[in-house]
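K.L.:
Just one file: my_file_21.txt, with compact mmCIF, C-alpha atoms and all ligand atoms.
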# COMPACT_ATOMS: atom_id res chain seq x y z
CA MET I 1 37.32 -32.74 7.29
CA ARG I 2 37.00 -29.51 9.23
CA VAL I 3 35.81 -26.36 7.44
CA ARG I 4 35.97 -22.88 8.93
CA PHE I 5 34.88 -19.58 7.37
CA TRP I 6 37.20 -16.60 7.93
CA GLY I 7 35.70 -14.31 5.28
CA THR I 8 32.21 -14.44 3.74
CA ARG I 9 31.84 -10.98 2.17
CA GLY I 10 32.03 -10.31 -1.57
CA SER I 11 33.70 -7.46 -3.47
CA ILE I 12 35.01 -5.34 -0.58
CA ALA I 13 35.45 -5.74 3.17
CA THR I 14 32.38 -4.37 4.95
CA PRO I 15 32.97 -4.10 8.70
CA GLY I 16 30.51 -2.36 11.00
CA PRO I 17 27.57 -2.95 13.32
CA GLY I 18 25.32 -3.99 10.42
CA THR I 19 27.50 -6.96 9.43
CA ASN I 20 28.51 -8.26 12.88
CA HIS I 21 26.88 -11.64 12.48
CA PHE I 22 27.66 -12.72 8.90
CA GLY I 23 30.96 -10.83 8.95
CA GLY I 24 32.71 -8.11 6.98
CA ASN I 25 35.90 -9.82 5.82
CA THR I 26 36.25 -10.93 2.20
CA SER I 27 36.51 -14.56 1.00
CA CYS I 28 38.67 -16.99 2.95
CA VAL I 29 37.87 -20.56 4.02
CA GLU I 30 40.13 -22.89 6.00
CA VAL I 31 39.90 -26.63 5.36
CA THR I 32 41.81 -29.20 7.42
CA THR I 33 41.75 -32.78 6.23
CA ALA I 34 41.69 -35.79 8.54
CA SER I 35 45.36 -36.41 7.75
CA GLY I 36 46.21 -32.83 8.73
CA ASP I 37 46.63 -31.09 5.36
CA LEU I 38 45.82 -27.39 5.41
CA LEU I 39 43.93 -26.06 2.36
CA ILE I 40 42.96 -22.38 2.28
CA PHE I 41 40.38 -21.28 -0.28
CA ASP I 42 40.93 -17.67 -1.33
CA CYS I 43 42.95 -15.09 0.49
CA GLY I 44 40.58 -12.16 1.03
CA THR I 45 40.87 -10.01 4.14
CA GLY I 46 39.74 -12.99 6.25
CA ALA I 47 43.20 -14.51 5.70
CA ARG I 48 44.70 -12.08 8.23
CA GLY I 49 42.72 -13.57 11.12
CA LEU I 50 43.38 -17.10 9.87
CA GLY I 51 47.14 -16.43 9.70
CA ALA I 52 47.17 -15.07 13.24
CA ASP I 53 45.19 -18.06 14.49
CA LEU I 54 47.51 -20.56 12.78
CA MET I 55 50.51 -18.89 14.46
CA ALA I 56 48.79 -18.95 17.86
CA ARG I 57 48.26 -22.71 17.56
CA GLY I 58 52.02 -22.99 18.18
CA LYS I 59 52.87 -25.59 15.54
CA LYS I 60 56.59 -25.64 14.71
CA ALA I 61 56.21 -25.26 10.95
CA ILE I 62 53.11 -24.28 9.00
CA ASP I 63 52.64 -25.80 5.55
CA ALA I 64 49.78 -23.96 3.87
CA ASN I 65 48.19 -24.65 0.49
CA ILE I 66 46.38 -21.56 -0.78
CA LEU I 67 43.88 -22.28 -3.56
CA LEU I 68 42.78 -19.08 -5.28
CA GLY I 69 39.62 -19.18 -7.39
CA HIS I 70 40.80 -16.05 -9.16
CA THR I 71 42.83 -12.95 -8.46
CA HIS I 72 40.26 -10.17 -8.09
CA TRP I 73 41.11 -7.96 -5.09
CA ASP I 74 38.58 -9.45 -2.69
CA HIS I 75 40.26 -12.87 -3.12
CA ILE I 76 43.92 -11.87 -2.68
CA GLN I 77 44.03 -8.73 -0.50
CA GLY I 78 44.62 -10.68 2.70
CA PHE I 79 47.76 -12.38 1.39
CA PRO I 80 50.22 -9.58 2.34
CA PHE I 81 48.82 -9.87 5.90
CA PHE I 82 48.99 -13.68 6.12
CA SER I 83 51.59 -13.85 8.90
CA PRO I 84 52.84 -17.45 8.36
CA ALA I 85 54.40 -16.20 5.08
CA PHE I 86 56.65 -13.92 7.16
CA ILE I 87 58.29 -16.80 9.07
CA ASN I 88 61.34 -18.67 7.85
CA GLY I 89 60.73 -22.42 7.90
CA ASN I 90 57.06 -22.20 6.90
CA SER I 91 55.93 -23.08 3.40
CA VAL I 92 53.12 -21.64 1.31
CA ALA I 93 52.07 -23.29 -1.97
CA ILE I 94 49.81 -20.99 -3.96
CA TYR I 95 47.49 -22.36 -6.64
CA GLY I 96 45.38 -20.35 -9.06
CA PRO I 97 44.10 -20.30 -12.65
CA GLU I 98 46.40 -19.49 -15.53
CA GLY I 99 45.71 -15.80 -16.04
CA SER I 100 45.42 -14.26 -19.46
CA ARG I 101 47.70 -11.44 -18.33
CA GLY I 102 50.76 -13.25 -16.99
CA PRO I 103 51.64 -15.93 -14.44
CA LEU I 104 50.10 -16.15 -10.97
CA ARG I 105 53.32 -15.07 -9.30
CA ASP I 106 53.42 -11.79 -11.26
CA VAL I 107 49.80 -11.02 -10.42
CA LEU I 108 50.43 -11.47 -6.68
CA ALA I 109 53.69 -9.51 -6.87
CA GLY I 110 51.73 -6.65 -8.49
CA GLN I 111 49.66 -5.92 -5.38
CA MET I 112 52.87 -5.91 -3.31
CA GLU I 113 54.79 -3.38 -5.39
CA TYR I 114 56.14 -0.52 -3.24
CA THR I 115 53.41 1.81 -4.51
CA TYR I 116 50.85 -0.36 -2.73
CA PHE I 117 52.71 -2.19 0.04
CA PRO I 118 56.02 -1.77 1.93
CA ILE I 119 57.28 -5.34 1.56
CA ASP I 120 58.10 -6.91 -1.77
CA LEU I 121 56.85 -10.44 -2.48
CA ASN I 122 60.46 -11.63 -2.88
CA GLN I 123 61.29 -10.52 0.66
CA LEU I 124 58.89 -12.96 2.33
CA PRO I 125 60.99 -15.46 4.34
CA ALA I 126 58.69 -18.48 3.99
CA LYS I 127 59.24 -20.88 1.11
CA ILE I 128 56.62 -19.82 -1.44
CA THR I 129 55.80 -21.81 -4.58
CA TYR I 130 53.38 -20.93 -7.38
CA HIS I 131 51.23 -23.33 -9.38
CA ASP I 132 49.25 -22.10 -12.39
CA LEU I 133 46.29 -24.39 -12.97
CA THR I 134 44.11 -25.19 -15.93
CA GLU I 135 41.15 -27.61 -15.80
CA GLY I 136 42.19 -31.03 -14.61
CA ILE I 137 42.86 -33.37 -11.70
CA HIS I 138 45.59 -32.41 -9.25
CA THR I 139 47.04 -33.76 -6.02
CA ILE I 140 47.38 -31.15 -3.30
CA GLY I 141 48.64 -32.49 0.01
CA GLY I 142 46.91 -35.86 0.20
CA ALA I 143 43.75 -34.60 -1.48
CA ARG I 144 42.45 -35.20 -4.99
CA VAL I 145 41.55 -31.75 -6.30
CA VAL I 146 39.61 -31.26 -9.53
CA THR I 147 39.42 -27.83 -11.19
CA GLN I 148 36.85 -26.49 -13.63
CA PHE I 149 36.44 -23.00 -15.09
CA LEU I 150 33.58 -20.87 -13.79
CA ASN I 151 31.66 -18.06 -15.53
CA HIS I 152 33.18 -14.83 -14.25
CA PRO I 153 34.76 -11.76 -15.89
CA ALA I 154 38.26 -13.13 -15.10
CA MET I 155 39.83 -16.56 -15.45
CA THR I 156 38.28 -18.32 -12.44
CA VAL I 157 38.37 -21.95 -11.34
CA GLY I 158 36.10 -23.90 -9.05
CA TYR I 159 37.67 -26.57 -6.83
CA ARG I 160 36.29 -30.00 -6.02
CA VAL I 161 38.22 -31.61 -3.14
CA GLU I 162 37.86 -35.35 -2.59
CA VAL I 163 39.65 -36.73 0.44
CA ASP I 164 39.03 -39.19 3.30
CA GLY I 165 35.60 -40.12 1.88
CA VAL I 166 34.41 -36.50 1.91
CA THR I 167 33.73 -34.16 -1.03
CA MET I 168 33.80 -30.38 -0.65
CA VAL I 169 33.27 -28.08 -3.66
CA TYR I 170 34.25 -24.39 -3.69
CA LEU I 171 32.51 -22.30 -6.39
CA VAL I 172 33.28 -18.60 -5.86
CA ASP I 173 32.79 -16.36 -7.98
CA HIS I 174 30.33 -17.61 -10.58
CA GLU I 175 27.39 -16.37 -12.66
CA PRO I 176 24.74 -18.56 -14.32
CA PHE I 177 25.56 -19.31 -17.96
CA SER I 178 21.95 -18.76 -18.99
CA ASP I 179 18.88 -16.83 -17.75
CA GLU I 180 16.79 -19.94 -18.30
CA LEU I 181 17.96 -22.85 -16.20
CA TRP I 182 15.61 -25.57 -17.54
CA ARG I 183 14.95 -26.82 -21.04
CA ALA I 184 11.30 -26.34 -22.03
CA GLY I 185 9.33 -29.57 -21.96
CA ALA I 186 11.97 -31.45 -19.96
CA GLU I 187 11.29 -32.53 -16.38
CA PRO I 188 12.63 -29.75 -14.13
CA GLY I 189 14.93 -30.70 -11.27
CA LEU I 190 17.11 -33.15 -13.20
CA VAL I 191 20.67 -32.38 -14.26
CA GLU I 192 19.85 -33.71 -17.78
CA SER I 193 17.06 -31.11 -18.06
CA ILE I 194 19.41 -28.15 -17.68
CA LEU I 195 19.34 -25.99 -20.83
CA HIS I 196 22.88 -24.58 -21.15
CA ASP I 197 25.87 -26.95 -21.40
CA GLY I 198 27.81 -24.69 -19.03
CA ASP I 199 25.19 -24.88 -16.26
CA ARG I 200 24.89 -28.65 -16.74
CA ARG I 201 28.67 -29.01 -16.45
CA HIS I 202 28.51 -26.84 -13.31
CA ALA I 203 25.86 -29.13 -11.77
CA ARG I 204 27.87 -32.26 -12.59
CA PHE I 205 30.97 -30.72 -11.03
CA MET I 206 29.22 -30.45 -7.65
CA ALA I 207 27.40 -33.79 -7.94
CA ASP I 208 26.84 -35.65 -4.68
CA ALA I 209 29.08 -33.31 -2.65
CA ASP I 210 28.89 -33.27 1.14
CA LEU I 211 29.33 -29.50 1.10
CA VAL I 212 29.19 -26.89 -1.67
CA ILE I 213 30.40 -23.37 -0.89
CA HIS I 214 28.83 -21.15 -3.55
CA ASP I 215 28.71 -17.49 -4.52
CA ALA I 216 25.16 -16.19 -3.97
CA GLN I 217 25.71 -12.45 -3.97
CA TYR I 218 22.34 -11.35 -5.32
CA THR I 219 18.63 -11.86 -4.95
CA PRO I 220 16.66 -12.72 -8.10
CA GLU I 221 15.20 -9.18 -7.92
CA GLU I 222 18.66 -7.56 -7.94
CA TYR I 223 20.21 -9.79 -10.60
CA PRO I 224 18.85 -8.18 -13.82
CA SER I 225 20.71 -4.94 -13.09
CA LYS I 226 23.91 -6.87 -12.15
CA LYS I 227 24.10 -9.13 -15.19
CA THR I 228 27.65 -9.85 -16.47
CA TRP I 229 29.14 -8.89 -13.07
CA GLY I 230 29.88 -12.56 -12.49
CA HIS I 231 27.73 -13.57 -9.51
CA SER I 232 24.87 -15.91 -8.73
CA THR I 233 21.50 -15.67 -7.02
CA TYR I 234 20.48 -17.96 -4.18
CA ASP I 235 17.67 -19.48 -6.23
CA TYR I 236 20.08 -20.56 -9.01
CA VAL I 237 22.36 -22.15 -6.40
CA VAL I 238 19.57 -23.98 -4.57
CA GLN I 239 17.99 -25.31 -7.77
CA ILE I 240 21.25 -26.51 -9.29
CA ALA I 241 22.57 -28.01 -6.03
CA ALA I 242 19.27 -29.84 -5.43
CA ALA I 243 19.44 -31.27 -8.96
CA ALA I 244 23.04 -32.35 -8.36
CA GLY I 245 22.20 -34.30 -5.19
CA VAL I 246 24.30 -32.06 -2.93
CA GLN I 247 23.92 -32.61 0.84
CA ARG I 248 24.65 -29.14 2.16
CA VAL I 249 25.16 -25.69 0.63
CA ALA I 250 26.87 -22.68 2.19
CA LEU I 251 25.83 -19.45 0.42
CA THR I 252 28.64 -16.90 0.58
CA HIS I 253 30.24 -13.82 -1.05
CA HIS I 254 27.50 -11.69 0.54
CA ASP I 255 26.95 -8.35 -1.17
CA PRO I 256 28.49 -5.35 0.66
CA SER I 257 25.09 -3.62 0.58
CA HIS I 258 23.38 -6.52 2.40
CA ASN I 259 23.32 -6.16 6.20
CA ASP I 260 22.76 -9.07 8.62
CA HIS I 261 19.00 -8.64 8.47
CA PHE I 262 19.05 -8.84 4.66
CA VAL I 263 21.34 -11.90 4.53
CA ALA I 264 19.19 -13.66 7.15
CA ASP I 265 16.20 -13.03 4.89
CA ILE I 266 18.09 -14.58 1.94
CA GLU I 267 18.80 -17.63 4.12
CA ARG I 268 15.11 -17.95 5.04
CA LYS I 269 14.01 -17.71 1.38
CA ALA I 270 16.71 -20.14 0.21
CA ARG I 271 15.57 -22.69 2.82
CA ILE I 272 11.94 -22.40 1.71
CA LEU I 273 13.02 -22.96 -1.88
CA ALA I 274 15.14 -25.98 -0.87
CA LEU I 275 12.14 -27.47 0.97
CA GLN I 276 9.96 -26.93 -2.11
CA ARG I 277 12.57 -28.76 -4.21
CA GLY I 278 12.25 -31.65 -1.76
CA ALA I 279 15.78 -32.94 -2.27
CA GLY I 280 16.73 -32.88 1.42
CA LEU I 281 19.21 -30.11 0.71
CA ASP I 282 20.47 -28.28 3.80
CA VAL I 283 21.19 -24.63 2.91
CA PHE I 284 22.55 -21.80 5.04
CA CYS I 285 24.34 -18.46 4.68
CA ALA I 286 27.99 -18.74 5.73
CA TYR I 287 29.12 -16.47 8.57
CA GLU I 288 32.54 -15.60 9.88
CA GLY I 289 33.64 -18.12 12.49
CA CYS I 290 31.20 -20.78 11.24
CA GLU I 291 32.80 -24.20 11.64
CA LEU I 292 31.64 -27.50 10.15
CA VAL I 293 32.92 -31.04 10.55
CA LEU I 294 32.23 -33.28 7.55
CA GLU I 295 32.12 -36.97 8.35
CA PRO I 296 33.06 -39.53 5.67
CA ARG I 297 30.32 -41.32 3.76
CA SER I 298 30.77 -44.72 2.20
CA THR I 299 28.92 -43.58 -0.94
CA SER I 300 31.15 -40.68 -1.92
CA ILE I 301 31.97 -40.62 -5.64
CA PHE I 302 35.04 -39.53 -7.59
CA PHE I 303 34.61 -36.97 -10.32
CA ALA I 304 35.72 -38.21 -13.73
CA LEU I 305 36.93 -35.84 -16.44
CA ASP I 306 35.49 -36.49 -19.88
CA ARG I 307 38.21 -34.70 -21.84
CA SER I 308 41.91 -33.98 -21.74
CA GLN I 309 43.21 -30.58 -20.71
CA ALA I 310 46.39 -28.79 -21.45
CA SER I 311 48.02 -25.56 -20.46
CA ILE I 312 47.34 -22.93 -23.08
CA ALA I 313 49.63 -20.26 -21.67
CA GLN I 314 52.48 -21.01 -24.05
CA ARG I 315 50.41 -21.74 -27.13
CA HIS I 316 49.40 -19.47 -29.95
CA PHE I 317 45.85 -19.57 -31.27
CA HIS I 318 44.02 -18.44 -34.39
CA ILE I 319 40.40 -17.34 -33.95
CA LEU I 320 37.88 -16.55 -36.69
CA VAL I 321 35.13 -14.05 -35.78
CA VAL I 322 31.97 -14.14 -37.92
CA ASP I 323 29.41 -11.34 -37.56
CA ASP I 324 27.41 -9.20 -39.97
CA HIS I 325 27.19 -6.30 -37.49
CA PRO I 326 30.31 -4.15 -38.07
CA ASP I 327 30.25 -2.71 -34.51
CA THR I 328 30.14 -6.08 -32.75
CA LEU I 329 32.70 -7.51 -35.16
CA THR I 330 35.16 -4.69 -34.48
CA MET I 331 34.66 -4.86 -30.71
CA VAL I 332 35.19 -8.64 -30.51
CA VAL I 333 38.20 -8.60 -32.84
CA ARG I 334 39.85 -5.83 -30.79
CA ALA I 335 39.21 -7.65 -27.51
CA LEU I 336 40.73 -10.90 -28.80
CA GLU I 337 43.71 -9.16 -30.39
CA ALA I 338 44.39 -7.47 -27.04
CA ASP I 339 44.63 -11.00 -25.58
CA GLN I 340 47.39 -11.84 -28.12
CA TYR I 341 45.37 -14.11 -30.40
CA THR I 342 45.70 -14.07 -34.17
CA VAL I 343 42.25 -13.00 -35.33
CA SER I 344 40.62 -13.04 -38.75
CA LYS I 345 37.11 -11.90 -39.58
CA ALA I 346 34.22 -12.75 -41.86
CA THR I 347 30.99 -10.81 -42.35
CA SER I 348 28.78 -13.65 -43.63
CA GLY I 349 28.26 -17.40 -43.30
CA PRO I 350 29.47 -18.31 -46.82
CA GLU I 351 32.60 -16.17 -46.39
CA ALA I 352 33.34 -17.88 -43.06
CA LEU I 353 32.93 -21.37 -44.55
CA ARG I 354 35.28 -20.47 -47.42
CA MET I 355 37.91 -19.23 -44.98
CA ILE I 356 37.57 -22.30 -42.74
CA ASP I 357 37.94 -24.54 -45.80
CA GLU I 358 41.24 -22.87 -46.63
CA HIS I 359 42.57 -22.85 -43.09
CA ILE I 360 40.94 -24.33 -39.98
CA PRO I 361 41.19 -21.93 -37.03
CA ASP I 362 41.46 -23.07 -33.39
CA LEU I 363 38.10 -21.47 -32.53
CA VAL I 364 35.21 -19.78 -34.34
CA VAL I 365 33.22 -16.98 -32.66
CA LEU I 366 29.95 -17.10 -34.58
CA ASP I 367 26.95 -14.75 -34.71
CA TYR I 368 23.49 -16.36 -34.70
CA LYS I 369 21.25 -14.09 -36.78
CA MET I 370 22.93 -13.09 -40.02
CA THR I 371 21.31 -12.09 -43.29
CA GLY I 372 21.47 -14.84 -45.89
CA MET I 373 23.00 -17.81 -44.12
CA ASP I 374 22.54 -17.77 -40.33
CA GLY I 375 24.77 -19.24 -37.62
CA LEU I 376 22.77 -22.47 -37.34
CA ALA I 377 23.19 -23.13 -41.08
CA VAL I 378 26.94 -22.53 -40.72
CA MET I 379 27.00 -25.03 -37.82
CA LYS I 380 25.15 -27.62 -39.89
CA THR I 381 27.75 -27.40 -42.66
CA LEU I 382 30.67 -27.51 -40.22
CA ARG I 383 29.37 -30.51 -38.27
CA ALA I 384 28.66 -32.45 -41.50
CA LYS I 385 32.34 -32.41 -42.49
CA PRO I 386 34.76 -34.75 -40.66
CA LYS I 387 37.55 -32.18 -40.44
CA THR I 388 35.37 -29.55 -38.73
CA ARG I 389 33.12 -31.93 -36.76
CA SER I 390 34.82 -31.05 -33.46
CA LEU I 391 35.99 -27.53 -34.28
CA PRO I 392 35.16 -25.41 -31.20
CA VAL I 393 32.48 -22.80 -31.91
CA LEU I 394 31.43 -20.11 -29.46
CA MET I 395 28.11 -18.61 -30.49
CA LEU I 396 27.77 -14.92 -29.60
CA THR I 397 24.26 -13.53 -29.88
CA SER I 398 21.49 -11.34 -28.50
CA MET I 399 19.10 -14.34 -28.65
CA SER I 400 18.91 -15.32 -24.98
CA ASP I 401 15.54 -17.13 -25.19
CA GLU I 402 15.15 -20.84 -24.47
CA PRO I 403 14.32 -22.06 -28.03
CA SER I 404 17.35 -20.28 -29.55
CA THR I 405 19.71 -21.55 -26.83
CA ARG I 406 18.42 -25.09 -27.23
CA ALA I 407 18.65 -24.94 -31.04
CA ALA I 408 22.27 -23.76 -30.84
CA PHE I 409 23.36 -26.59 -28.54
CA GLU I 410 21.45 -29.10 -30.66
CA ALA I 411 23.39 -27.76 -33.66
CA GLY I 412 26.61 -28.54 -31.79
CA VAL I 413 27.96 -25.23 -30.50
CA THR I 414 30.68 -25.51 -27.83
CA ASP I 415 29.55 -22.48 -25.86
CA TYR I 416 26.75 -19.94 -26.08
CA VAL I 417 27.29 -16.37 -24.89
CA THR I 418 24.47 -13.83 -24.97
CA LYS I 419 24.37 -10.05 -25.03
CA PRO I 420 24.83 -8.06 -22.93
CA PHE I 421 28.28 -9.48 -22.24
CA SER I 422 31.43 -7.86 -20.91
CA ILE I 423 34.80 -8.07 -22.65
CA PRO I 424 36.57 -9.84 -19.72
CA GLN I 425 33.69 -12.32 -19.50
CA LEU I 426 33.91 -13.06 -23.24
CA THR I 427 37.69 -13.47 -23.20
CA ALA I 428 37.46 -15.81 -20.17
CA ARG I 429 34.90 -17.95 -22.00
CA VAL I 430 37.08 -17.99 -25.15
CA ARG I 431 40.03 -19.14 -23.06
CA ALA I 432 37.99 -21.89 -21.39
CA CYS I 433 36.86 -23.13 -24.84
CA LEU I 434 40.47 -23.25 -26.05
CA ALA I 435 41.65 -25.06 -22.91
CA ARG I 436 39.04 -27.76 -23.49
CA THR I 437 40.00 -28.29 -27.11
CA GLN I 438 41.56 -31.58 -28.03
CA PHE I 439 44.73 -30.30 -29.58
CA ARG I 440 45.26 -31.39 -33.12
ZN ZN C 1 34.78 -11.86 -5.47
ZN ZN C 2 35.63 -11.72 -8.85
As structure tokens, what does this structure read like?
Ligand SMILES: [Zn+2]
Ligand SMILES: [Zn+2]
P.N.:
Amino acid sequence: MRVRFWGTRGSIATPGPGTNHFGGNTSCVEVTTASGDLLIFDCGTGARGLGADLMARGKKAIDANILLGHTHWDHIQGFPFFSPAFINGNSVAIYGPEGSRGPLRDVLAGQMEYTYFPIDLNQLPAKITYHDLTEGIHTIGGARVVTQFLNHPAMTVGYRVEVDGVTMVYLVDHEPFSDELWRAGAEPGLVESILHDGDRRHARFMADADLVIHDAQYTPEEYPSKKTWGHSTYDYVVQIAAAAGVQRVALTHHDPSHNDHFVADIERKARILALQRGAGLDVFCAYEGCELVLEPRSTSIFFALDRSQASIAQRHFHILVVDDHPDTLTMVVRALEADQYTVSKATSGPEALRMIDEHIPDLVVLDYKMTGMDGLAVMKTLRAKPKTRSLPVLMLTSMSDEPSTRAAFEAGVTDYVTKPFSIPQLTARVRACLARTQFR
């Protein structure tokens, strides 16, 4: 497998003398498999150069598979400049997560409306197909491609590509699920010792990969003021990749305010941390033009899914929100109603249990600290009854400390979201919970 970086910048293209080495174009990675399949991860401004290069290679027909992690600008802006799409006889298959605001095709057509761009999406001569993805196992070209939702303020999927004895995992953009990575008292450095279910799932998703390409936009010093923006720090990535037995990590999605000197310093610090972890992890900061060849290993493993997934785009869901703070309750209810869910509300634990007894919702959004009966007591009652034993519960709370997080997962919550949170982040997490539900 050959991997080449065409765009390594996050958020917005940042050309100029200060970014000459690591590059100013936004996310785009070209992957060519041994059997010749072309997989393109994200279509930021780097896709323009890739398109031109593909054309210059002089192949008769170009068959491109574009795998979008999500549809924020910095991951799609290069698409209208991807020249193979302008040639009759070429084909472009575009994959991306089911969006909460309409199908993938409509989202891409939006940025090519005449207000923004002179050529309509429908006018492109290449054969273009659209594939909305949820979590699951897919076949793209000859590759086995597994998708899993990431933590970002938009529906975002990570991709795990297994082909020709090589595993490459693309995880851009993503923010840690929890401030605390390790469970207190557990041996640090093991996947089983990770505190939050989401971070543990994230580690398992990259397990044993030959290469992980991961968002590492911030330093640990910058992160507190950038919480809920949906990006990782290099120390989170190194720790989690080392625990997961990853061979090599490319840090990418460099912050627009970080010049070459700054990114080189991140690389140096990340390497020191990787050495301290002692897992033999090779870590580097991706730069434009960087090319890697991944050789097959006999030990490569296939990722197994532990649950069934289904498209939720066409389904209707009922969500119960339980909170004794009127402001939070109103805000969450409004956000979910705006996403077309049927929402009911309860202001105490006993009221919620009564309502669930009468009618089981598809998901409960549950506050932790409530006067009288708290969220953990509600969980205990729900998990004791067969009919609500597997009811998905997303706990929403200001309690971000390790003991509270651990207690919530031990009580059986499905997900744990802490304040401060952003509305798009919450609605993405709600959607991921629903997609993972075993439908009754
Ligand atoms: Zn981005
Ligand atoms: Zn984004």
K.L.:
Pick out the residues sitting within 7 Å of I:Met112, and hand them over as a list in words; count all atoms listed in the file, and ignore anything fewer than 6 positions along from it in its own chain.
P.N.:
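Near neighbours after the sequence-gap exclusion: Ile119, Asp120 and Leu121 of chain I.
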K.L.:
Okay, now the selection with C-alpha atoms, as a PDB file, in the coordinates of the input?
P.N.:
ATOM      1  CA  ILE I 119      57.280  -5.340   1.560  1.00  0.00           C
ATOM      2  CA  ASP I 120      58.100  -6.910  -1.770  1.00  0.00           C
ATOM      3  CA  LEU I 121      56.850 -10.440  -2.480  1.00  0.00           C
TER       4      LEU I 121
END
K.L.:
At a cut-off of 7 Å and counting all atoms listed in the file, what residues surround ligand ZN 2 (chain C)? Please answer as a list in words.
P.N.:
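Going residue by residue within 7 Å of ligand ZN 2 (chain C), we get His70, His72, His152, Ala154, Asp173 and Gly230 of chain I.
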K.L.:
At what distance in Å, to one decimal, does atom CA of I:Val413 lie from atom CA of I:Ala435?
P.N.:
15.7 Å
K.L.:
Give me, as a PyMOL selection string, all polymer residues having an atom no more than 12 Å from stretch 51-62 of chain I, counting only C-alpha atoms and skipping those fewer than 4 positions away in the same chain.
P.N.:
chain I and resi 4+6+28-30+32+36-40+43-47+66+78-93+126-128+289
K.L.:
Between atom CA of I:His254 and atom CA of I:Ala270, what is the spacing in Å?
P.N.:
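Between atom CA of I:Ala270 and atom CA of I:His254 the gap is 13.7 Å.
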K.L.:
Could you build a table of the residues in chain I lying no more than 12 Å from ligand ZN 1 (chain C), giving for each the nearest pair of atoms and their separation in Å rounded to one decimal place, using only C-alpha atoms and all ligand atoms, ordered by chain and ascending residue number, as a Markdown table?
P.N.:
| residue | atom | partner | partner_atom | distance |
| --- | --- | --- | --- | --- |
| I:Gly7 | CA | C:ZN1 | ZN | 11.1 |
| I:Thr8 | CA | C:ZN1 | ZN | 9.9 |
| I:Arg9 | CA | C:ZN1 | ZN | 8.2 |
| I:Gly10 | CA | C:ZN1 | ZN | 5.0 |
| I:Ser11 | CA | C:ZN1 | ZN | 5.0 |
| I:Ile12 | CA | C:ZN1 | ZN | 8.2 |
| I:Ala13 | CA | C:ZN1 | ZN | 10.6 |
| I:Asn25 | CA | C:ZN1 | ZN | 11.5 |
| I:Thr26 | CA | C:ZN1 | ZN | 7.9 |
| I:Ser27 | CA | C:ZN1 | ZN | 7.2 |
| I:Cys28 | CA | C:ZN1 | ZN | 10.6 |
| I:Asp42 | CA | C:ZN1 | ZN | 9.4 |
| I:Cys43 | CA | C:ZN1 | ZN | 10.6 |
| I:Gly44 | CA | C:ZN1 | ZN | 8.7 |
| I:Thr45 | CA | C:ZN1 | ZN | 11.5 |
| I:Leu68 | CA | C:ZN1 | ZN | 10.8 |
| I:Gly69 | CA | C:ZN1 | ZN | 9.0 |
| I:His70 | CA | C:ZN1 | ZN | 8.2 |
| I:Thr71 | CA | C:ZN1 | ZN | 8.7 |
| I:His72 | CA | C:ZN1 | ZN | 6.3 |
| I:Trp73 | CA | C:ZN1 | ZN | 7.4 |
| I:Asp74 | CA | C:ZN1 | ZN | 5.3 |
| I:His75 | CA | C:ZN1 | ZN | 6.0 |
| I:Ile76 | CA | C:ZN1 | ZN | 9.6 |
| I:Gln77 | CA | C:ZN1 | ZN | 11.0 |
| I:His152 | CA | C:ZN1 | ZN | 9.4 |
| I:Pro153 | CA | C:ZN1 | ZN | 10.4 |
| I:Ala154 | CA | C:ZN1 | ZN | 10.3 |
| I:Thr156 | CA | C:ZN1 | ZN | 10.1 |
| I:Leu171 | CA | C:ZN1 | ZN | 10.7 |
| I:Val172 | CA | C:ZN1 | ZN | 6.9 |
| I:Asp173 | CA | C:ZN1 | ZN | 5.5 |
| I:His174 | CA | C:ZN1 | ZN | 8.9 |
| I:Glu175 | CA | C:ZN1 | ZN | 11.3 |
| I:His214 | CA | C:ZN1 | ZN | 11.2 |
| I:Asp215 | CA | C:ZN1 | ZN | 8.3 |
| I:Ala216 | CA | C:ZN1 | ZN | 10.7 |
| I:Gln217 | CA | C:ZN1 | ZN | 9.2 |
| I:Trp229 | CA | C:ZN1 | ZN | 9.9 |
| I:Gly230 | CA | C:ZN1 | ZN | 8.6 |
| I:His231 | CA | C:ZN1 | ZN | 8.3 |
| I:Ser232 | CA | C:ZN1 | ZN | 11.2 |
| I:Thr252 | CA | C:ZN1 | ZN | 10.0 |
| I:His253 | CA | C:ZN1 | ZN | 6.6 |
| I:His254 | CA | C:ZN1 | ZN | 9.4 |
| I:Asp255 | CA | C:ZN1 | ZN | 9.6 |
| I:Pro256 | CA | C:ZN1 | ZN | 10.9 |
K.L.:
For I:Asn259, work out the shell of residues within 12 Å, counting all atoms listed in the file and skipping chain neighbours fewer than 6 positions away, then give it as a VMD selection string.
P.N.:
chain I and resid 9 14 to 24 265 to 266
K.L.:
Kindly save the residues from that selection, with C-alpha atoms included, as an mmCIF file, in the coordinates of the input.
P.N.:
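Okay, result03.cif is ready:
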data_model
loop_
_atom_site.group_PDB
_atom_site.id
_atom_site.type_symbol
_atom_site.label_atom_id
_atom_site.label_comp_id
_atom_site.auth_asym_id
_atom_site.auth_seq_id
_atom_site.Cartn_x
_atom_site.Cartn_y
_atom_site.Cartn_z
ATOM 1 C CA ARG I 9 31.840 -10.980 2.170
ATOM 2 C CA THR I 14 32.380 -4.370 4.950
ATOM 3 C CA PRO I 15 32.970 -4.100 8.700
ATOM 4 C CA GLY I 16 30.510 -2.360 11.000
ATOM 5 C CA PRO I 17 27.570 -2.950 13.320
ATOM 6 C CA GLY I 18 25.320 -3.990 10.420
ATOM 7 C CA THR I 19 27.500 -6.960 9.430
ATOM 8 C CA ASN I 20 28.510 -8.260 12.880
ATOM 9 C CA HIS I 21 26.880 -11.640 12.480
ATOM 10 C CA PHE I 22 27.660 -12.720 8.900
ATOM 11 C CA GLY I 23 30.960 -10.830 8.950
ATOM 12 C CA GLY I 24 32.710 -8.110 6.980
ATOM 13 C CA ASP I 265 16.200 -13.030 4.890
ATOM 14 C CA ILE I 266 18.090 -14.580 1.940
#
